[in-house]
>>> print(open('model.cif').read())   # mmCIF, C-alpha atoms
data_my_file
loop_
_atom_site.group_PDB
_atom_site.id
_atom_site.type_symbol
_atom_site.label_atom_id
_atom_site.label_comp_id
_atom_site.auth_asym_id
_atom_site.auth_seq_id
_atom_site.Cartn_x
_atom_site.Cartn_y
_atom_site.Cartn_z
ATOM 1 C CA MET P 788 64.702 205.719 -98.180
ATOM 2 C CA SER P 789 67.297 203.147 -97.320
ATOM 3 C CA LEU P 790 67.209 199.495 -98.325
ATOM 4 C CA ALA P 791 66.775 198.336 -94.714
ATOM 5 C CA SER P 792 63.763 200.535 -94.123
ATOM 6 C CA SER P 793 62.153 199.508 -97.402
ATOM 7 C CA SER P 794 62.562 195.824 -96.586
ATOM 8 C CA SER P 795 61.134 196.228 -93.067
ATOM 9 C CA THR P 796 58.056 198.155 -94.209
ATOM 10 C CA ARG P 797 57.115 196.076 -97.248
ATOM 11 C CA ARG P 798 53.863 194.137 -97.261
ATOM 12 C CA LYS P 799 53.830 190.411 -96.473
ATOM 13 C CA THR P 800 53.047 188.048 -99.275
ATOM 14 C CA PRO P 801 50.018 185.704 -99.097
ATOM 15 C CA GLU P 802 52.351 182.792 -98.491
ATOM 16 C CA GLU P 803 53.795 184.488 -95.428
ATOM 17 C CA LEU P 804 50.309 185.232 -94.066
ATOM 18 C CA LYS P 805 49.458 181.470 -93.923
ATOM 19 C CA PRO P 806 49.957 179.566 -90.682
ATOM 20 C CA PRO P 807 53.304 177.850 -90.362
ATOM 21 C CA GLU P 808 51.852 174.358 -90.871
ATOM 22 C CA GLU P 809 50.270 175.366 -94.207
ATOM 23 C CA ARG P 810 53.261 176.985 -95.753
ATOM 24 C CA GLY P 811 55.080 175.272 -98.533
ATOM 25 C CA THR P 812 58.755 175.465 -99.353
ATOM 26 C CA PRO P 813 60.009 178.928 -98.480
ATOM 27 C CA THR P 814 60.896 181.150 -101.438
ATOM 28 C CA THR P 815 63.768 183.511 -101.686
ATOM 29 C CA GLY P 816 63.238 186.588 -99.594
ATOM 30 C CA THR P 817 63.472 187.645 -96.060
ATOM 31 C CA PRO P 818 63.749 184.587 -93.801
ATOM 32 C CA THR P 819 61.092 184.289 -91.162
ATOM 33 C CA THR P 820 61.151 182.531 -87.853
ATOM 34 C CA ARG P 821 59.045 179.323 -87.958
ATOM 35 C CA THR P 822 57.810 177.407 -84.961
ATOM 36 C CA PRO P 823 58.918 173.766 -85.193
ATOM 37 C CA THR P 824 55.961 171.460 -85.634
ATOM 38 C CA THR P 825 55.649 167.724 -85.895
ATOM 39 C CA VAL P 826 54.556 166.885 -89.372
ATOM 40 C CA ALA P 827 52.516 163.683 -89.724
ATOM 41 C CA PRO P 828 53.711 161.319 -92.406
ATOM 42 C CA PRO P 829 51.681 161.498 -95.568
ATOM 43 C CA ALA P 830 48.864 159.041 -95.709
ATOM 44 C CA SER P 831 49.506 156.171 -98.044
ATOM 45 C CA THR P 832 47.293 156.034 -101.061
ATOM 46 C CA GLU P 833 47.533 152.256 -101.206
ATOM 47 C CA GLU P 834 44.942 150.145 -99.309
ATOM 48 C CA PRO P 835 46.200 147.472 -96.900
ATOM 49 C CA ALA P 836 46.514 144.047 -98.432
ATOM 50 C CA ALA P 837 44.206 142.494 -95.812
ATOM 51 C CA ALA P 838 41.340 144.903 -96.486
ATOM 52 C CA ALA P 839 39.877 143.050 -99.438
ATOM 53 C CA PRO P 840 36.719 144.468 -100.967
ATOM 54 C CA ILE P 841 33.553 142.882 -99.594
ATOM 55 C CA ARG P 842 31.067 141.756 -102.158
ATOM 56 C CA PRO P 843 27.636 142.984 -101.190
ATOM 57 C CA GLY P 844 24.503 140.960 -101.536
ATOM 58 C CA ARG P 845 25.573 137.579 -100.101
ATOM 59 C CA PRO P 846 25.094 136.650 -96.422
ATOM 60 C CA ARG P 847 28.128 135.443 -94.532
ATOM 61 C CA SER P 848 26.571 132.041 -93.838
ATOM 62 C CA GLN P 849 26.223 131.334 -97.583
ATOM 63 C CA ARG P 850 29.851 132.033 -98.415
ATOM 64 C CA ALA P 851 31.015 128.775 -96.823
ATOM 65 C CA PRO P 852 31.374 125.980 -99.391
ATOM 66 C CA VAL P 853 28.413 123.636 -99.390
ATOM 67 C CA LEU P 854 29.995 120.661 -101.128
ATOM 68 C CA PRO P 855 32.484 119.774 -98.343
ATOM 69 C CA ARG P 856 29.694 119.822 -95.757
ATOM 70 C CA VAL P 857 27.534 117.527 -97.901
ATOM 71 C CA LEU P 858 30.439 115.130 -98.426
ATOM 72 C CA ARG P 859 31.234 115.158 -94.713
ATOM 73 C CA ALA P 860 27.610 114.375 -93.808
ATOM 74 C CA ALA P 861 27.481 111.587 -96.393
ATOM 75 C CA LEU P 862 30.729 110.101 -95.060
ATOM 76 C CA THR P 863 29.416 110.215 -91.483
ATOM 77 C CA GLY P 864 26.175 108.494 -92.504
ATOM 78 C CA ALA P 865 28.041 105.826 -94.433
ATOM 79 C CA THR P 866 30.347 105.161 -91.478
ATOM 80 C CA LYS P 867 27.424 104.743 -89.100
ATOM 81 C CA SER P 868 25.511 102.398 -91.431
ATOM 82 C CA VAL P 869 28.372 100.195 -92.631
ATOM 83 C CA ALA P 870 27.806 97.631 -89.860
ATOM 84 C CA ILE P 871 24.083 97.381 -90.661
ATOM 85 C CA VAL P 872 24.819 96.982 -94.366
ATOM 86 C CA ALA P 873 27.373 94.265 -93.608
ATOM 87 C CA LEU P 874 24.838 92.402 -91.453
ATOM 88 C CA LEU P 875 22.146 92.541 -94.136
ATOM 89 C CA LEU P 876 24.638 91.425 -96.794
ATOM 90 C CA ALA P 877 25.705 88.451 -94.677
ATOM 91 C CA TRP P 878 22.041 87.643 -94.044
ATOM 92 C CA GLU P 879 21.379 87.648 -97.785
ATOM 93 C CA LEU P 880 24.408 85.609 -98.845
ATOM 94 C CA ALA P 881 24.659 83.021 -96.065
ATOM 95 C CA PRO P 882 21.413 81.147 -96.965
ATOM 96 C CA ARG P 883 22.121 81.384 -100.695
ATOM 97 C CA PHE P 884 25.567 79.792 -100.352
ATOM 98 C CA GLY P 885 24.299 77.065 -98.012
ATOM 99 C CA LEU P 886 26.077 78.306 -94.904
ATOM 100 C CA VAL P 887 22.780 78.086 -92.955
ATOM 101 C CA ASP P 888 19.554 76.225 -93.581
ATOM 102 C CA ARG P 889 17.456 78.363 -95.905
ATOM 103 C CA THR P 890 14.273 76.913 -94.444
ATOM 104 C CA PHE P 891 14.900 78.408 -91.004
ATOM 105 C CA LEU P 892 16.797 81.521 -92.090
ATOM 106 C CA PRO P 893 15.572 82.731 -95.492
ATOM 107 C CA PRO P 894 17.523 85.452 -97.356
ATOM 108 C CA PHE P 895 16.830 89.023 -96.409
ATOM 109 C CA SER P 896 15.225 89.709 -99.796
ATOM 110 C CA GLU P 897 12.511 87.129 -99.042
ATOM 111 C CA VAL P 898 11.964 88.654 -95.602
ATOM 112 C CA ALA P 899 11.646 92.108 -97.177
ATOM 113 C CA GLN P 900 9.107 90.741 -99.656
ATOM 114 C CA ALA P 901 7.077 89.174 -96.837
ATOM 115 C CA TRP P 902 7.267 92.462 -94.901
ATOM 116 C CA TRP P 903 5.871 94.346 -97.881
ATOM 117 C CA GLU P 904 3.025 91.837 -98.227
ATOM 118 C CA LEU P 905 2.137 92.353 -94.558
ATOM 119 C CA VAL P 906 2.130 96.106 -95.131
ATOM 120 C CA ALA P 907 -0.049 95.753 -98.229
ATOM 121 C CA ASN P 908 -2.740 93.620 -96.593
ATOM 122 C CA GLY P 909 -2.788 95.773 -93.432
ATOM 123 C CA GLN P 910 -1.756 93.073 -90.945
ATOM 124 C CA LEU P 911 1.484 94.780 -89.992
ATOM 125 C CA ALA P 912 -0.172 98.132 -89.338
ATOM 126 C CA ASP P 913 -2.924 96.616 -87.170
ATOM 127 C CA ASN P 914 -0.551 94.536 -85.066
ATOM 128 C CA ALA P 915 2.001 97.344 -84.720
ATOM 129 C CA GLN P 916 -0.722 99.760 -83.601
ATOM 130 C CA ALA P 917 -1.931 97.345 -80.919
ATOM 131 C CA SER P 918 1.597 96.860 -79.596
ATOM 132 C CA LEU P 919 2.467 100.570 -79.642
ATOM 133 C CA VAL P 920 -0.679 101.521 -77.718
ATOM 134 C CA ARG P 921 0.107 99.008 -74.987
ATOM 135 C CA SER P 922 3.808 99.817 -74.868
ATOM 136 C CA PHE P 923 3.428 103.600 -74.787
ATOM 137 C CA SER P 924 0.630 103.409 -72.204
ATOM 138 C CA GLY P 925 2.715 101.334 -69.813
ATOM 139 C CA PHE P 926 5.870 103.336 -70.493
ATOM 140 C CA GLY P 927 4.122 106.658 -69.893
ATOM 141 C CA ALA P 928 2.571 105.438 -66.646
ATOM 142 C CA ALA P 929 5.967 104.224 -65.450
ATOM 143 C CA VAL P 930 7.563 107.608 -66.162
ATOM 144 C CA VAL P 931 4.787 109.500 -64.370
ATOM 145 C CA VAL P 932 5.077 107.307 -61.267
ATOM 146 C CA SER P 933 8.810 106.580 -61.102
ATOM 147 C CA VAL P 934 10.339 110.021 -61.678
ATOM 148 C CA PRO P 935 8.562 111.824 -58.774
ATOM 149 C CA LEU P 936 9.060 108.808 -56.511
ATOM 150 C CA GLY P 937 12.744 108.661 -57.383
ATOM 151 C CA LEU P 938 13.167 112.371 -56.663
ATOM 152 C CA LEU P 939 11.467 111.910 -53.299
ATOM 153 C CA ILE P 940 13.552 108.890 -52.310
ATOM 154 C CA GLY P 941 16.778 110.449 -53.518
ATOM 155 C CA TRP P 942 16.240 113.721 -51.648
ATOM 156 C CA TYR P 943 14.804 112.527 -48.345
ATOM 157 C CA ARG P 944 17.022 109.984 -46.631
ATOM 158 C CA PRO P 945 14.342 108.663 -44.187
ATOM 159 C CA VAL P 946 12.086 107.719 -47.113
ATOM 160 C CA ALA P 947 15.007 105.932 -48.778
ATOM 161 C CA ASP P 948 15.839 103.996 -45.621
ATOM 162 C CA LEU P 949 12.203 102.913 -45.298
ATOM 163 C CA LEU P 950 11.599 101.803 -48.898
ATOM 164 C CA ASN P 951 15.026 100.606 -50.009
ATOM 165 C CA PRO P 952 14.739 96.962 -48.758
ATOM 166 C CA LEU P 953 11.377 96.530 -50.458
ATOM 167 C CA LEU P 954 12.639 98.089 -53.687
ATOM 168 C CA GLN P 955 15.634 95.757 -53.756
ATOM 169 C CA VAL P 956 13.338 92.728 -53.516
ATOM 170 C CA PHE P 957 11.208 93.795 -56.494
ATOM 171 C CA LEU P 958 14.226 94.940 -58.489
ATOM 172 C CA ASN P 959 15.729 91.456 -58.419
ATOM 173 C CA THR P 960 12.465 89.802 -59.474
ATOM 174 C CA ALA P 961 12.201 89.449 -63.255
ATOM 175 C CA ALA P 962 9.123 90.941 -64.816
ATOM 176 C CA LEU P 963 8.450 87.916 -67.033
ATOM 177 C CA ALA P 964 8.582 85.668 -63.967
ATOM 178 C CA LEU P 965 5.590 87.580 -62.600
ATOM 179 C CA LEU P 966 3.638 87.446 -65.865
ATOM 180 C CA PRO P 967 1.495 84.452 -64.750
ATOM 181 C CA VAL P 968 0.682 86.355 -61.556
ATOM 182 C CA PHE P 969 -0.472 89.396 -63.531
ATOM 183 C CA VAL P 970 -2.571 87.171 -65.790
ATOM 184 C CA LEU P 971 -4.193 85.399 -62.828
ATOM 185 C CA LEU P 972 -4.960 88.650 -61.010
ATOM 186 C CA LEU P 973 -5.873 90.901 -63.949
ATOM 187 C CA GLY P 974 -6.956 88.457 -66.658
ATOM 188 C CA ILE P 975 -5.629 88.072 -70.207
ATOM 189 C CA GLY P 976 -6.957 91.394 -71.433
ATOM 190 C CA GLU P 977 -5.221 94.706 -71.961
ATOM 191 C CA THR P 978 -4.886 95.474 -68.237
ATOM 192 C CA SER P 979 -2.440 92.673 -67.520
ATOM 193 C CA LYS P 980 -0.241 93.514 -70.528
ATOM 194 C CA ILE P 981 -0.038 97.219 -69.697
ATOM 195 C CA SER P 982 0.604 96.413 -66.024
ATOM 196 C CA ILE P 983 3.535 94.136 -66.804
ATOM 197 C CA VAL P 984 5.033 96.896 -68.956
ATOM 198 C CA VAL P 985 4.613 99.407 -66.115
ATOM 199 C CA TYR P 986 6.304 97.014 -63.707
ATOM 200 C CA ALA P 987 9.241 96.326 -66.045
ATOM 201 C CA CYS P 988 9.808 100.001 -66.938
ATOM 202 C CA ALA P 989 9.482 101.409 -63.436
ATOM 203 C CA TRP P 990 12.753 100.073 -62.010
ATOM 204 C CA PRO P 991 15.297 101.497 -64.473
ATOM 205 C CA ILE P 992 13.643 104.903 -64.257
ATOM 206 C CA LEU P 993 13.309 104.805 -60.475
ATOM 207 C CA PHE P 994 16.864 103.807 -59.624
ATOM 208 C CA ASN P 995 18.455 106.115 -62.192
ATOM 209 C CA THR P 996 16.408 109.008 -60.797
ATOM 210 C CA ILE P 997 17.532 108.198 -57.255
ATOM 211 C CA SER P 998 21.142 108.063 -58.414
ATOM 212 C CA ALA P 999 20.762 111.349 -60.301
ATOM 213 C CA VAL P 1000 19.527 113.214 -57.231
ATOM 214 C CA ARG P 1001 22.204 111.802 -54.942
ATOM 215 C CA THR P 1002 25.053 112.633 -57.329
ATOM 216 C CA VAL P 1003 24.226 116.321 -57.849
ATOM 217 C CA ASP P 1004 27.328 118.475 -57.422
ATOM 218 C CA PRO P 1005 27.453 119.559 -53.739
ATOM 219 C CA THR P 1006 28.970 122.876 -54.785
ATOM 220 C CA LEU P 1007 25.797 123.727 -56.696
ATOM 221 C CA LEU P 1008 23.688 122.886 -53.663
ATOM 222 C CA ARG P 1009 25.799 125.057 -51.363
ATOM 223 C CA LEU P 1010 25.615 127.980 -53.767
ATOM 224 C CA ALA P 1011 21.850 127.612 -54.071
ATOM 225 C CA LYS P 1012 21.408 127.445 -50.310
ATOM 226 C CA SER P 1013 23.620 130.511 -49.850
ATOM 227 C CA MET P 1014 21.120 132.449 -51.977
ATOM 228 C CA ASN P 1015 18.275 131.362 -49.640
ATOM 229 C CA LEU P 1016 16.366 129.450 -52.301
ATOM 230 C CA SER P 1017 13.256 127.692 -51.124
ATOM 231 C CA ALA P 1018 12.910 123.924 -51.518
ATOM 232 C CA PRO P 1019 10.651 124.140 -54.619
ATOM 233 C CA ARG P 1020 12.996 126.639 -56.288
ATOM 234 C CA LEU P 1021 15.974 124.460 -55.382
ATOM 235 C CA PHE P 1022 14.354 121.504 -57.120
ATOM 236 C CA GLN P 1023 13.415 123.595 -60.132
ATOM 237 C CA LYS P 1024 16.704 125.453 -60.625
ATOM 238 C CA VAL P 1025 19.327 122.967 -59.419
ATOM 239 C CA ILE P 1026 18.161 119.405 -58.788
ATOM 240 C CA LEU P 1027 16.065 118.819 -61.919
ATOM 241 C CA PRO P 1028 18.460 120.362 -64.487
ATOM 242 C CA ALA P 1029 21.446 118.513 -63.025
ATOM 243 C CA SER P 1030 19.520 115.214 -62.930
ATOM 244 C CA VAL P 1031 18.188 115.249 -66.494
ATOM 245 C CA PRO P 1032 21.010 113.248 -68.175
ATOM 246 C CA THR P 1033 20.953 110.397 -65.652
ATOM 247 C CA ILE P 1034 17.153 110.296 -65.547
ATOM 248 C CA PHE P 1035 16.998 110.015 -69.321
ATOM 249 C CA THR P 1036 19.470 107.142 -69.224
ATOM 250 C CA GLY P 1037 16.922 105.228 -67.180
ATOM 251 C CA ILE P 1038 14.081 106.360 -69.441
ATOM 252 C CA ARG P 1039 15.894 105.112 -72.528
ATOM 253 C CA LEU P 1040 16.539 101.759 -70.867
ATOM 254 C CA ALA P 1041 12.885 101.567 -69.933
ATOM 255 C CA GLY P 1042 11.877 102.332 -73.537
ATOM 256 C CA ALA P 1043 13.773 99.278 -74.747
ATOM 257 C CA VAL P 1044 12.396 97.135 -71.909
ATOM 258 C CA SER P 1045 8.823 98.179 -72.649
ATOM 259 C CA ILE P 1046 8.928 96.710 -76.160
ATOM 260 C CA VAL P 1047 10.749 93.500 -75.224
ATOM 261 C CA VAL P 1048 8.493 92.661 -72.279
ATOM 262 C CA LEU P 1049 5.343 93.495 -74.218
ATOM 263 C CA VAL P 1050 6.268 91.198 -77.111
ATOM 264 C CA ALA P 1051 6.878 88.373 -74.651
ATOM 265 C CA ALA P 1052 3.526 89.062 -72.993
ATOM 266 C CA GLU P 1053 1.732 89.108 -76.348
ATOM 267 C CA MET P 1054 3.134 85.684 -77.211
ATOM 268 C CA ILE P 1055 1.340 84.121 -74.258
ATOM 269 C CA GLY P 1056 -2.146 85.519 -74.518
ATOM 270 C CA ALA P 1057 -3.149 88.056 -77.152
ATOM 271 C CA LYS P 1058 -5.175 88.291 -80.333
ATOM 272 C CA ALA P 1059 -3.236 91.196 -81.838
ATOM 273 C CA GLY P 1060 0.210 92.720 -81.604
ATOM 274 C CA LEU P 1061 3.664 92.125 -82.985
ATOM 275 C CA GLY P 1062 4.321 89.356 -80.449
ATOM 276 C CA TYR P 1063 1.117 87.652 -81.553
ATOM 277 C CA LEU P 1064 2.165 88.041 -85.213
ATOM 278 C CA ILE P 1065 5.571 86.449 -84.572
ATOM 279 C CA ASN P 1066 4.086 83.595 -82.568
ATOM 280 C CA ALA P 1067 1.323 82.890 -85.105
ATOM 281 C CA SER P 1068 3.812 82.959 -87.993
ATOM 282 C CA GLN P 1069 5.990 80.415 -86.184
ATOM 283 C CA TYR P 1070 3.042 78.052 -85.617
ATOM 284 C CA ASN P 1071 1.993 78.358 -89.273
ATOM 285 C CA PHE P 1072 5.622 77.923 -90.392
ATOM 286 C CA ALA P 1073 5.528 81.289 -92.193
ATOM 287 C CA ILE P 1074 9.188 81.942 -91.419
ATOM 288 C CA PRO P 1075 9.663 85.065 -93.615
ATOM 289 C CA GLN P 1076 6.680 86.711 -91.921
ATOM 290 C CA MET P 1077 8.116 85.826 -88.514
ATOM 291 C CA TYR P 1078 11.399 87.557 -89.357
ATOM 292 C CA ALA P 1079 9.455 90.491 -90.798
ATOM 293 C CA GLY P 1080 7.793 90.969 -87.409
ATOM 294 C CA ILE P 1081 11.165 90.777 -85.635
ATOM 295 C CA VAL P 1082 12.665 93.376 -87.991
ATOM 296 C CA THR P 1083 9.682 95.648 -87.369
ATOM 297 C CA ILE P 1084 10.217 95.452 -83.607
ATOM 298 C CA SER P 1085 13.889 96.353 -84.050
ATOM 299 C CA VAL P 1086 13.063 99.361 -86.235
ATOM 300 C CA ILE P 1087 10.449 100.596 -83.762
ATOM 301 C CA GLY P 1088 12.920 100.245 -80.893
ATOM 302 C CA VAL P 1089 15.631 102.233 -82.698
ATOM 303 C CA ALA P 1090 13.169 104.972 -83.695
ATOM 304 C CA PHE P 1091 11.817 105.227 -80.141
ATOM 305 C CA ASN P 1092 15.335 105.476 -78.732
ATOM 306 C CA GLN P 1093 16.246 108.263 -81.181
ATOM 307 C CA LEU P 1094 13.096 110.135 -80.179
ATOM 308 C CA LEU P 1095 14.111 109.956 -76.514
ATOM 309 C CA VAL P 1096 17.629 111.148 -77.397
ATOM 310 C CA ALA P 1097 16.152 114.181 -79.193
ATOM 311 C CA VAL P 1098 13.959 115.003 -76.192
ATOM 312 C CA GLU P 1099 16.953 114.688 -73.868
ATOM 313 C CA LYS P 1100 18.994 117.104 -75.989
ATOM 314 C CA ARG P 1101 16.089 119.533 -75.939
ATOM 315 C CA LEU P 1102 15.756 119.451 -72.161
ATOM 316 C CA SER P 1103 19.516 119.625 -71.512
ATOM 317 C CA SER P 1104 20.387 122.253 -74.131
ATOM 318 C CA TRP P 1105 21.765 124.507 -71.336
ATOM 319 C CA ARG P 1106 24.696 122.161 -70.762
ATOM 320 C CA VAL P 1107 28.105 123.135 -72.113
ATOM 321 C CA PRO P 1108 29.292 120.418 -74.530
ATOM 322 C CA ALA P 1109 32.411 118.586 -73.470
ATOM 323 C CA THR P 1110 35.565 119.520 -75.360
ATOM 324 C CA SER P 1111 38.161 116.942 -76.275
#
>>> encode(input="model.cif", output="structure tokens")
Amino acid sequence: MSLASSSSTRRKTPEELKPPEERGTPTTGTPTTRTPTTVAPPASTEEPAAAAPIRPGRPRSQRAPVLPRVLRAALTGATKSVAIVALLLAWELAPRFGLVDRTFLPPFSEVAQAWWELVANGQLADNAQASLVRSFSGFGAAVVVSVPLGLLIGWYRPVADLLNPLLQVFLNTAALALLPVFVLLLGIGETSKISIVVYACAWPILFNTISAVRTVDPTLLRLAKSMNLSAPRLFQKVILPASVPTIFTGIRLAGAVSIVVLVAAEMIGAKAGLGYLINASQYNFAIPQMYAGIVTISVIGVAFNQLLVAVEKRLSSWRVPATS
């Protein structure tokens, strides 16, 4: 048998029986025809530098450093309270250094001591409770009456044209100027005090509500009308949500007015309340107690305003915050 016939009839090795892509480096022997294939580059055994190992067991929210957030919150609180601290420090030092008469403006430490004595004997709690009941009753009644009336006047132009002259007359009449009228008509009891608070609180809420309805974005109204919304649904979905910020501006103004007007009313004819406490302390020349009552009114006003701000944020949480 010749060499050519022996080489053509020999058996193929296992390496030659493999597919072309699985064959290694060809050995010496009969060359075979191989189909050209695209060989993928070998996968790297090294992991990318960005793929750092994740430590299990800790939530993502806890990985942020806590100390910088605490320091930032403390710095924000200190910045907001620096003016109050400066005022109290000036109040404490001015009488002690003779800059003002200590008889009429005692140091803040003496006022704080008198405030604590009023808390201990229960006078402050009783008078504050009487004032808060009157103030919140009148304020709540004003909100219930003024908000629906403001929505009605702001939405229906004929109603606004009819009532606007009368509203302007009462708006420009000070509430305290009408206090003798309320006392003559309703007596010196609780009814006259709550009524004067209702009268004083109604106007800021009413006119801010009217302004809120009239300044709703016309584009929103056109879109709502294009979807054939009924009048109640239009009020619920468009008018009320868009009016919340302006309405609450009036409500916050009314909250401050309710306390100021009530204290003035309690100074004229009352047997309990913070206004009565301040007036009685002045007549008895208990000056530290008088300032303690004034400080209490200020603290109640700030706390009430912060409560209204929290309610406003709750009701307008759908709004997109403004970006600087």
>>> residues_around(input="model.cif", residues="Leu892 (chain P)", least_positions_apart="4", cutoff="7 Å", atoms="all atoms listed in the file", output="PyMOL selection string")
chain P and resi 882+887-888
>>> atom_distance(input="model.cif", atom1="CA of Leu939 (chain P)", atom2="CA of Ala964 (chain P)")
28.5 Å
>>> residues_around(input="model.cif", residues="region 958-962 of chain P", least_positions_apart="2", cutoff="9 Å", atoms="only C-alpha atoms", output="list in words")
Leu953, Leu954, Gln955, Val956, Ala964, Leu965, Leu966, Ile983, Val984, Tyr986, Ala987, Trp990, Pro991 and Val1048 of chain P
>>> write_last_selection(input="model.cif", atoms="C-alpha atoms", output="PDB file, in the coordinates of the input")
ATOM      1  CA  LEU P 953      11.377  96.530 -50.458  1.00  0.00           C
ATOM      2  CA  LEU P 954      12.639  98.089 -53.687  1.00  0.00           C
ATOM      3  CA  GLN P 955      15.634  95.757 -53.756  1.00  0.00           C
ATOM      4  CA  VAL P 956      13.338  92.728 -53.516  1.00  0.00           C
ATOM      5  CA  ALA P 964       8.582  85.668 -63.967  1.00  0.00           C
ATOM      6  CA  LEU P 965       5.590  87.580 -62.600  1.00  0.00           C
ATOM      7  CA  LEU P 966       3.638  87.446 -65.865  1.00  0.00           C
ATOM      8  CA  ILE P 983       3.535  94.136 -66.804  1.00  0.00           C
ATOM      9  CA  VAL P 984       5.033  96.896 -68.956  1.00  0.00           C
ATOM     10  CA  TYR P 986       6.304  97.014 -63.707  1.00  0.00           C
ATOM     11  CA  ALA P 987       9.241  96.326 -66.045  1.00  0.00           C
ATOM     12  CA  TRP P 990      12.753 100.073 -62.010  1.00  0.00           C
ATOM     13  CA  PRO P 991      15.297 101.497 -64.473  1.00  0.00           C
ATOM     14  CA  VAL P1048       8.493  92.661 -72.279  1.00  0.00           C
TER      15      VAL P1048
END
>>> residues_around(input="model.cif", residues="region 925-935 of chain P", least_positions_apart="5", cutoff="10 Å", atoms="only C-alpha atoms", output="PyMOL selection string")
chain P and resi 919-920+940-941+978+980-997+1034+1037-1038+1041-1046+1049
>>> residues_near_point(input="model.cif", point="(-1.9, 88.2, -82.6)", cutoff="10 Å", atoms="all atoms listed in the file", output="list in words")
Gln910, Asp913, Asn914, Ala917, Ser918, Glu1053, Met1054, Ile1055, Gly1056, Ala1057, Lys1058, Ala1059, Gly1060, Leu1061, Gly1062, Tyr1063, Leu1064, Ile1065, Asn1066, Ala1067 and Ser1068 of chain P
>>> write_last_selection(input="model.cif", atoms="C-alpha atoms", output="compact mmCIF listing (two decimals), in the frame of the given file")
# COMPACT_ATOMS: atom_id res chain seq x y z
CA GLN P 910 -1.76 93.07 -90.94
CA ASP P 913 -2.92 96.62 -87.17
CA ASN P 914 -0.55 94.54 -85.07
CA ALA P 917 -1.93 97.34 -80.92
CA SER P 918 1.60 96.86 -79.60
CA GLU P 1053 1.73 89.11 -76.35
CA MET P 1054 3.13 85.68 -77.21
CA ILE P 1055 1.34 84.12 -74.26
CA GLY P 1056 -2.15 85.52 -74.52
CA ALA P 1057 -3.15 88.06 -77.15
CA LYS P 1058 -5.18 88.29 -80.33
CA ALA P 1059 -3.24 91.20 -81.84
CA GLY P 1060 0.21 92.72 -81.60
CA LEU P 1061 3.66 92.12 -82.98
CA GLY P 1062 4.32 89.36 -80.45
CA TYR P 1063 1.12 87.65 -81.55
CA LEU P 1064 2.16 88.04 -85.21
CA ILE P 1065 5.57 86.45 -84.57
CA ASN P 1066 4.09 83.60 -82.57
CA ALA P 1067 1.32 82.89 -85.10
CA SER P 1068 3.81 82.96 -87.99
>>> resolve_selection(input="model.cif", expression="the PyMOL selection byres ((chain P and resi 1094-1104) around 12)", output="ChimeraX atom specification")
/P:1027-1043,1087-1093,1105-1108
>>> atom_distance(input="model.cif", atom1="CA of Pro1075 (chain P)", atom2="CA of Arg921 (chain P)")
25.2 Å
>>> axis_aligned_box(input="model.cif", around="region 911-920 of chain P", padding_each_side="3 Å", output="JSON")
{"center_x": -0.2, "center_y": 98.0, "center_z": -83.9, "size_x": 11.4, "size_y": 13.0, "size_z": 18.3}
>>> resolve_selection(input="model.cif", expression="the PyMOL selection byres ((chain P and resi 1003) around 10)", output="list of chain:residue names")
P:Ser998, P:Ala999, P:Val1000, P:Arg1001, P:Thr1002, P:Asp1004, P:Pro1005, P:Thr1006, P:Leu1007, P:Leu1008, P:Val1025, P:Ile1026, P:Leu1027, P:Pro1028, P:Ala1029, P:Ser1030
>>> write_last_selection(input="model.cif", atoms="C-alpha atoms", output="PDB file, keeping the file's coordinate frame")
ATOM      1  CA  SER P 998      21.142 108.063 -58.414  1.00  0.00           C
ATOM      2  CA  ALA P 999      20.762 111.349 -60.301  1.00  0.00           C
ATOM      3  CA  VAL P1000      19.527 113.214 -57.231  1.00  0.00           C
ATOM      4  CA  ARG P1001      22.204 111.802 -54.942  1.00  0.00           C
ATOM      5  CA  THR P1002      25.053 112.633 -57.329  1.00  0.00           C
ATOM      6  CA  ASP P1004      27.328 118.475 -57.422  1.00  0.00           C
ATOM      7  CA  PRO P1005      27.453 119.559 -53.739  1.00  0.00           C
ATOM      8  CA  THR P1006      28.970 122.876 -54.785  1.00  0.00           C
ATOM      9  CA  LEU P1007      25.797 123.727 -56.696  1.00  0.00           C
ATOM     10  CA  LEU P1008      23.688 122.886 -53.663  1.00  0.00           C
ATOM     11  CA  VAL P1025      19.327 122.967 -59.419  1.00  0.00           C
ATOM     12  CA  ILE P1026      18.161 119.405 -58.788  1.00  0.00           C
ATOM     13  CA  LEU P1027      16.065 118.819 -61.919  1.00  0.00           C
ATOM     14  CA  PRO P1028      18.460 120.362 -64.487  1.00  0.00           C
ATOM     15  CA  ALA P1029      21.446 118.513 -63.025  1.00  0.00           C
ATOM     16  CA  SER P1030      19.520 115.214 -62.930  1.00  0.00           C
TER      17      SER P1030
END
>>> atom_distance(input="model.cif", atom1="CA of Arg883 (chain P)", atom2="CA of Trp902 (chain P)")
19.4 Å
>>> resolve_selection(input="model.cif", expression="the PyMOL selection byres ((chain P and resi 899) around 12)", output="list in words")
Leu875, Trp878, Glu879, Pro893, Pro894, Phe895, Ser896, Glu897, Val898, Gln900, Ala901, Trp902, Trp903, Glu904, Leu905, Val906, Ile1074, Pro1075, Gln1076, Met1077, Tyr1078, Ala1079, Gly1080, Ile1081, Val1082 and Thr1083 of chain P
